[in-house]
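Asker: Submitted below is the structure of interest, expressed as structure tokens.
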Amino acid sequence: MWLMTKHGFYSIVQKQPGEFHVRARVRQDLANWWRACRCPAAEIHATKTADYSFRIVTGKGDVRKVMQFLGDSLDYSNFKDTVARTPDQQAKHDALHLGLAHDD
């Protein structure tokens, strides 16, 4: 699942039953999201060989908590304008206007 949020761009996959990888291309995106939703402390794993260089490995309960947080914190009427006003997300703004989600 891909998620474009005011906190960052994410991919969530289930690698094994009950084991979810919340992935991002930008480390700050994971830090933003995890801190904002008040999930328990989690290690951000980094690798240079993966498409998404940063990930948190977690369980279904945390994924549910994050999804609930995203719904509860939706407070804007225009997503792209919100990204443009968010300092650590501004670099994604032009890509969003093209319909792309590219963080490189």
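In the structure tokens, the first chain shown is A, the next is B, and so on; residue numbers restart at 1 for each chain, and ligands run from 1 in the order shown.
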Find the residues near Ser73 in chain A: any atom within 12 Å, counting only C-alpha atoms, skip ones fewer than 4 places away on the same chain, and give them as number ranges by chain.

Answerer: A: 5-7, 33, 36-37, 66-69

Asker: Just write the chosen residues, N, CA and C atoms, as a PDB file, in the first residue's frame.

Answerer:
```
ATOM      1  N   THR A   5       1.125  11.331   2.556  1.00  0.00           N
ATOM      2  CA  THR A   5       0.538  12.071   3.655  1.00  0.00           C
ATOM      3  C   THR A   5       1.290  13.374   3.856  1.00  0.00           C
ATOM      4  N   LYS A   6       0.762  14.225   4.715  1.00  0.00           N
ATOM      5  CA  LYS A   6       1.473  15.471   5.023  1.00  0.00           C
ATOM      6  C   LYS A   6       2.735  15.207   5.836  1.00  0.00           C
ATOM      7  N   HIS A   7       2.893  13.976   6.317  1.00  0.00           N
ATOM      8  CA  HIS A   7       4.073  13.600   7.089  1.00  0.00           C
ATOM      9  C   HIS A   7       5.155  12.974   6.218  1.00  0.00           C
ATOM     10  N   TRP A  33       6.295  10.366  10.977  1.00  0.00           N
ATOM     11  CA  TRP A  33       5.067   9.590  11.108  1.00  0.00           C
ATOM     12  C   TRP A  33       5.009   8.877  12.445  1.00  0.00           C
ATOM     13  N   ALA A  36       4.556  11.362  15.295  1.00  0.00           N
ATOM     14  CA  ALA A  36       3.244  12.006  15.276  1.00  0.00           C
ATOM     15  C   ALA A  36       2.134  11.081  15.765  1.00  0.00           C
ATOM     16  N   CYS A  37       2.213   9.811  15.422  1.00  0.00           N
ATOM     17  CA  CYS A  37       1.135   8.900  15.834  1.00  0.00           C
ATOM     18  C   CYS A  37       1.385   8.307  17.211  1.00  0.00           C
ATOM     19  N   VAL A  66      -1.464   3.563  13.345  1.00  0.00           N
ATOM     20  CA  VAL A  66      -1.012   4.583  12.393  1.00  0.00           C
ATOM     21  C   VAL A  66      -2.148   4.970  11.448  1.00  0.00           C
ATOM     22  N   MET A  67      -2.877   3.991  10.940  1.00  0.00           N
ATOM     23  CA  MET A  67      -3.978   4.288  10.019  1.00  0.00           C
ATOM     24  C   MET A  67      -5.069   5.095  10.726  1.00  0.00           C
ATOM     25  N   GLN A  68      -5.367   4.751  11.957  1.00  0.00           N
ATOM     26  CA  GLN A  68      -6.348   5.511  12.745  1.00  0.00           C
ATOM     27  C   GLN A  68      -5.874   6.946  12.929  1.00  0.00           C
ATOM     28  N   PHE A  69      -4.584   7.098  13.259  1.00  0.00           N
ATOM     29  CA  PHE A  69      -4.016   8.429  13.440  1.00  0.00           C
ATOM     30  C   PHE A  69      -4.158   9.262  12.163  1.00  0.00           C
TER      31      PHE A  69
END
```

Asker: For a test of reading the model, state the distance in Å between CA of Val26 in chain A and CA of Phe79 in chain A, rounded to one decimal.

Answerer: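 Between these atoms lies a distance of 19.1 Å.
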
Asker: May I have the residues within 12 Å of Thr82 in chain A as a tab-separated table (two decimals) with N, CA, C and O atoms, in the first residue's frame, using only C-alpha atoms and disregarding those fewer than 3 positions away in the same chain?

Answerer:
```
chain	number	residue	atom	x	y	z
A	4	MET	N	0.53	8.67	0.64
A	4	MET	CA	1.11	10.00	0.55
A	4	MET	C	0.39	10.83	1.59
A	4	MET	O	-0.84	10.98	1.54
A	5	THR	N	1.13	11.33	2.56
A	5	THR	CA	0.54	12.07	3.65
A	5	THR	C	1.29	13.37	3.86
A	5	THR	O	2.36	13.57	3.28
A	6	LYS	N	0.76	14.22	4.71
A	6	LYS	CA	1.47	15.47	5.02
A	6	LYS	C	2.73	15.21	5.84
A	6	LYS	O	3.56	16.09	6.01
A	7	HIS	N	2.89	13.98	6.32
A	7	HIS	CA	4.07	13.60	7.09
A	7	HIS	C	5.15	12.97	6.22
A	7	HIS	O	6.30	12.90	6.62
A	8	GLY	N	4.79	12.48	5.03
A	8	GLY	CA	5.75	11.84	4.15
A	8	GLY	C	5.09	10.83	3.22
A	8	GLY	O	3.86	10.67	3.21
A	74	LEU	N	-6.50	14.18	9.73
A	74	LEU	CA	-6.74	14.83	8.45
A	74	LEU	C	-7.40	16.19	8.72
A	74	LEU	O	-8.51	16.25	9.24
A	75	ASP	N	-6.70	17.26	8.42
A	75	ASP	CA	-7.16	18.60	8.80
A	75	ASP	C	-6.98	19.63	7.68
A	75	ASP	O	-6.86	20.81	7.94
A	76	TYR	N	-6.92	19.18	6.45
A	76	TYR	CA	-6.69	20.11	5.34
A	76	TYR	C	-7.71	19.86	4.24
A	76	TYR	O	-8.27	18.77	4.13
A	77	SER	N	-7.93	20.89	3.43
A	77	SER	CA	-8.86	20.75	2.30
A	77	SER	C	-8.11	20.59	0.98
A	77	SER	O	-8.72	20.26	-0.03
A	78	ASN	N	-6.78	20.83	0.99
A	78	ASN	CA	-6.00	20.68	-0.22
A	78	ASN	C	-4.65	20.06	0.14
A	78	ASN	O	-3.80	20.71	0.76
A	79	PHE	N	-4.46	18.82	-0.25
A	79	PHE	CA	-3.26	18.07	0.11
A	79	PHE	C	-1.99	18.71	-0.45
A	79	PHE	O	-1.00	18.90	0.25
A	85	ARG	N	3.46	23.77	2.10
A	85	ARG	CA	3.69	24.56	3.31
A	85	ARG	C	4.44	23.80	4.40
A	85	ARG	O	4.73	24.36	5.46
A	86	THR	N	4.74	22.53	4.18
A	86	THR	CA	5.41	21.72	5.19
A	86	THR	C	6.89	21.64	4.84
A	86	THR	O	7.26	21.02	3.84
A	87	PRO	N	7.75	22.28	5.64
A	87	PRO	CA	9.17	22.42	5.26
A	87	PRO	C	9.86	21.13	4.82
A	87	PRO	O	10.53	21.12	3.79
A	88	ASP	N	9.70	20.03	5.55
A	88	ASP	CA	10.45	18.83	5.15
A	88	ASP	C	9.72	17.99	4.10
A	88	ASP	O	10.18	16.91	3.75
A	89	GLN	N	8.62	18.51	3.55
A	89	GLN	CA	7.90	17.81	2.49
A	89	GLN	C	7.87	18.61	1.18
A	89	GLN	O	7.46	18.10	0.14
A	90	GLN	N	8.30	19.85	1.20
A	90	GLN	CA	8.21	20.74	0.04
A	90	GLN	C	8.86	20.17	-1.21
A	90	GLN	O	8.39	20.40	-2.32
A	92	LYS	N	8.67	17.38	-2.43
A	92	LYS	CA	7.76	16.45	-3.11
A	92	LYS	C	6.66	17.17	-3.89
A	92	LYS	O	5.95	16.56	-4.67
A	93	HIS	N	6.51	18.45	-3.65
A	93	HIS	CA	5.38	19.20	-4.21
A	93	HIS	C	5.29	19.11	-5.73
A	93	HIS	O	4.23	18.81	-6.28
A	96	LEU	N	4.11	15.75	-6.98
A	96	LEU	CA	2.69	15.52	-6.75
A	96	LEU	C	1.84	16.16	-7.83
A	96	LEU	O	0.81	15.62	-8.24
```

Asker: I want to know what sits within 12 Å of Ala41 in chain A, based on only C-alpha atoms, with residues of the same chain fewer than 5 positions away left out; could you give that as a list in words?

Answerer: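 My list of contacting residues is Leu30, Ala31, Trp33, Trp34, Arg35, Ala36, Ile56, Val57, Thr58 and Asp62 of chain A.
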
Asker: To one decimal in Å, tell me the separation between CA of Ile44 in chain A and CA of Ala91 in chain A.

Answerer: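 About the pair CA of Ile44 in chain A and CA of Ala91 in chain A: they are 21.7 Å apart.
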
Asker: Could you check how far CA of Lys15 in chain A sits from CA of Asp72 in chain A, in Å to one decimal?

Answerer: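 Here the two named atoms are 26.9 Å from each other.
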
Asker: Quick one: everything within 8 Å of Tyr10 in chain A, counting only C-alpha atoms, minus sequence neighbours fewer than 6 positions away in the same chain. Send it as a list in words.

Answerer: Trp2, Leu3, Met4, Val22, Arg23, Ala24, Arg25, Asp29 and Leu30 of chain A

Asker: Next, dump the selected residues to file, keeping only all heavy atoms, as a PDB file, in the first residue's frame.

Answerer:
```
ATOM      1  N   TRP A   2       0.593   2.173  -0.858  1.00  0.00           N
ATOM      2  CA  TRP A   2       1.294   3.448  -0.852  1.00  0.00           C
ATOM      3  C   TRP A   2       0.441   4.474  -0.142  1.00  0.00           C
ATOM      4  O   TRP A   2      -0.777   4.534  -0.338  1.00  0.00           O
ATOM      5  CB  TRP A   2       1.547   3.942  -2.270  1.00  0.00           C
ATOM      6  CG  TRP A   2       2.675   3.279  -2.969  1.00  0.00           C
ATOM      7  CD1 TRP A   2       3.631   2.466  -2.452  1.00  0.00           C
ATOM      8  CD2 TRP A   2       2.958   3.396  -4.362  1.00  0.00           C
ATOM      9  NE1 TRP A   2       4.501   2.067  -3.434  1.00  0.00           N
ATOM     10  CE2 TRP A   2       4.114   2.625  -4.614  1.00  0.00           C
ATOM     11  CE3 TRP A   2       2.372   4.068  -5.407  1.00  0.00           C
ATOM     12  CZ2 TRP A   2       4.677   2.521  -5.879  1.00  0.00           C
ATOM     13  CZ3 TRP A   2       2.930   3.970  -6.659  1.00  0.00           C
ATOM     14  CH2 TRP A   2       4.075   3.191  -6.892  1.00  0.00           C
ATOM     15  N   LEU A   3       1.092   5.303   0.659  1.00  0.00           N
ATOM     16  CA  LEU A   3       0.411   6.384   1.358  1.00  0.00           C
ATOM     17  C   LEU A   3       1.195   7.668   1.155  1.00  0.00           C
ATOM     18  O   LEU A   3       2.386   7.728   1.471  1.00  0.00           O
ATOM     19  CB  LEU A   3       0.323   6.090   2.858  1.00  0.00           C
ATOM     20  CG  LEU A   3      -0.523   4.903   3.267  1.00  0.00           C
ATOM     21  CD1 LEU A   3      -0.289   4.579   4.734  1.00  0.00           C
ATOM     22  CD2 LEU A   3      -1.986   5.191   3.018  1.00  0.00           C
ATOM     23  N   MET A   4       0.532   8.668   0.636  1.00  0.00           N
ATOM     24  CA  MET A   4       1.109  10.002   0.547  1.00  0.00           C
ATOM     25  C   MET A   4       0.386  10.833   1.594  1.00  0.00           C
ATOM     26  O   MET A   4      -0.838  10.976   1.536  1.00  0.00           O
ATOM     27  CB  MET A   4       0.912  10.590  -0.847  1.00  0.00           C
ATOM     28  CG  MET A   4       1.796   9.945  -1.877  1.00  0.00           C
ATOM     29  SD  MET A   4       1.598  10.662  -3.507  1.00  0.00           S
ATOM     30  CE  MET A   4       0.220   9.699  -4.094  1.00  0.00           C
ATOM     31  N   VAL A  22       6.945  -0.852   7.274  1.00  0.00           N
ATOM     32  CA  VAL A  22       6.568   0.512   6.889  1.00  0.00           C
ATOM     33  C   VAL A  22       7.836   1.105   6.319  1.00  0.00           C
ATOM     34  O   VAL A  22       8.834   1.261   7.019  1.00  0.00           O
ATOM     35  CB  VAL A  22       6.064   1.318   8.103  1.00  0.00           C
ATOM     36  CG1 VAL A  22       5.668   2.723   7.674  1.00  0.00           C
ATOM     37  CG2 VAL A  22       4.895   0.613   8.782  1.00  0.00           C
ATOM     38  N   ARG A  23       7.799   1.421   5.012  1.00  0.00           N
ATOM     39  CA  ARG A  23       9.030   1.787   4.302  1.00  0.00           C
ATOM     40  C   ARG A  23       8.949   3.214   3.761  1.00  0.00           C
ATOM     41  O   ARG A  23       7.865   3.701   3.444  1.00  0.00           O
ATOM     42  CB  ARG A  23       9.254   0.820   3.151  1.00  0.00           C
ATOM     43  CG  ARG A  23       9.160  -0.621   3.591  1.00  0.00           C
ATOM     44  CD  ARG A  23       9.231  -1.625   2.494  1.00  0.00           C
ATOM     45  NE  ARG A  23       8.316  -1.355   1.391  1.00  0.00           N
ATOM     46  CZ  ARG A  23       8.303  -2.044   0.257  1.00  0.00           C
ATOM     47  NH1 ARG A  23       9.155  -3.029   0.061  1.00  0.00           N
ATOM     48  NH2 ARG A  23       7.445  -1.751  -0.692  1.00  0.00           N
ATOM     49  N   ALA A  24      10.099   3.831   3.644  1.00  0.00           N
ATOM     50  CA  ALA A  24      10.181   5.179   3.091  1.00  0.00           C
ATOM     51  C   ALA A  24      11.520   5.347   2.386  1.00  0.00           C
ATOM     52  O   ALA A  24      12.484   4.650   2.686  1.00  0.00           O
ATOM     53  CB  ALA A  24      10.041   6.226   4.190  1.00  0.00           C
ATOM     54  N   ARG A  25      11.558   6.281   1.465  1.00  0.00           N
ATOM     55  CA  ARG A  25      12.808   6.601   0.786  1.00  0.00           C
ATOM     56  C   ARG A  25      13.589   7.669   1.527  1.00  0.00           C
ATOM     57  O   ARG A  25      14.777   7.859   1.285  1.00  0.00           O
ATOM     58  CB  ARG A  25      12.514   7.054  -0.637  1.00  0.00           C
ATOM     59  CG  ARG A  25      12.011   5.908  -1.486  1.00  0.00           C
ATOM     60  CD  ARG A  25      11.919   6.285  -2.940  1.00  0.00           C
ATOM     61  NE  ARG A  25      11.639   5.096  -3.715  1.00  0.00           N
ATOM     62  CZ  ARG A  25      10.726   5.034  -4.666  1.00  0.00           C
ATOM     63  NH1 ARG A  25      10.023   6.096  -4.972  1.00  0.00           N
ATOM     64  NH2 ARG A  25      10.539   3.921  -5.314  1.00  0.00           N
ATOM     65  N   ASP A  29      10.823  11.031   6.862  1.00  0.00           N
ATOM     66  CA  ASP A  29       9.407  10.691   6.713  1.00  0.00           C
ATOM     67  C   ASP A  29       8.981   9.668   7.764  1.00  0.00           C
ATOM     68  O   ASP A  29       7.934   9.815   8.397  1.00  0.00           O
ATOM     69  CB  ASP A  29       9.118  10.146   5.317  1.00  0.00           C
ATOM     70  CG  ASP A  29       9.139  11.216   4.237  1.00  0.00           C
ATOM     71  OD1 ASP A  29       9.368  12.401   4.553  1.00  0.00           O
ATOM     72  OD2 ASP A  29       8.925  10.857   3.061  1.00  0.00           O
ATOM     73  N   LEU A  30       9.788   8.633   7.970  1.00  0.00           N
ATOM     74  CA  LEU A  30       9.454   7.628   8.986  1.00  0.00           C
ATOM     75  C   LEU A  30       9.482   8.236  10.390  1.00  0.00           C
ATOM     76  O   LEU A  30       8.603   7.966  11.210  1.00  0.00           O
ATOM     77  CB  LEU A  30      10.415   6.442   8.932  1.00  0.00           C
ATOM     78  CG  LEU A  30      10.151   5.404   7.855  1.00  0.00           C
ATOM     79  CD1 LEU A  30      11.206   4.309   7.919  1.00  0.00           C
ATOM     80  CD2 LEU A  30       8.771   4.813   7.974  1.00  0.00           C
TER      81      LEU A  30
END
```

Asker: Find, counting only C-alpha atoms, the residue in A:Asn32, A:Ala46, A:Gly59, A:Ala84 that gets nearest to Phe9 in chain A.

Answerer: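 Smallest distance to Phe9 in chain A is found for A:Asn32.
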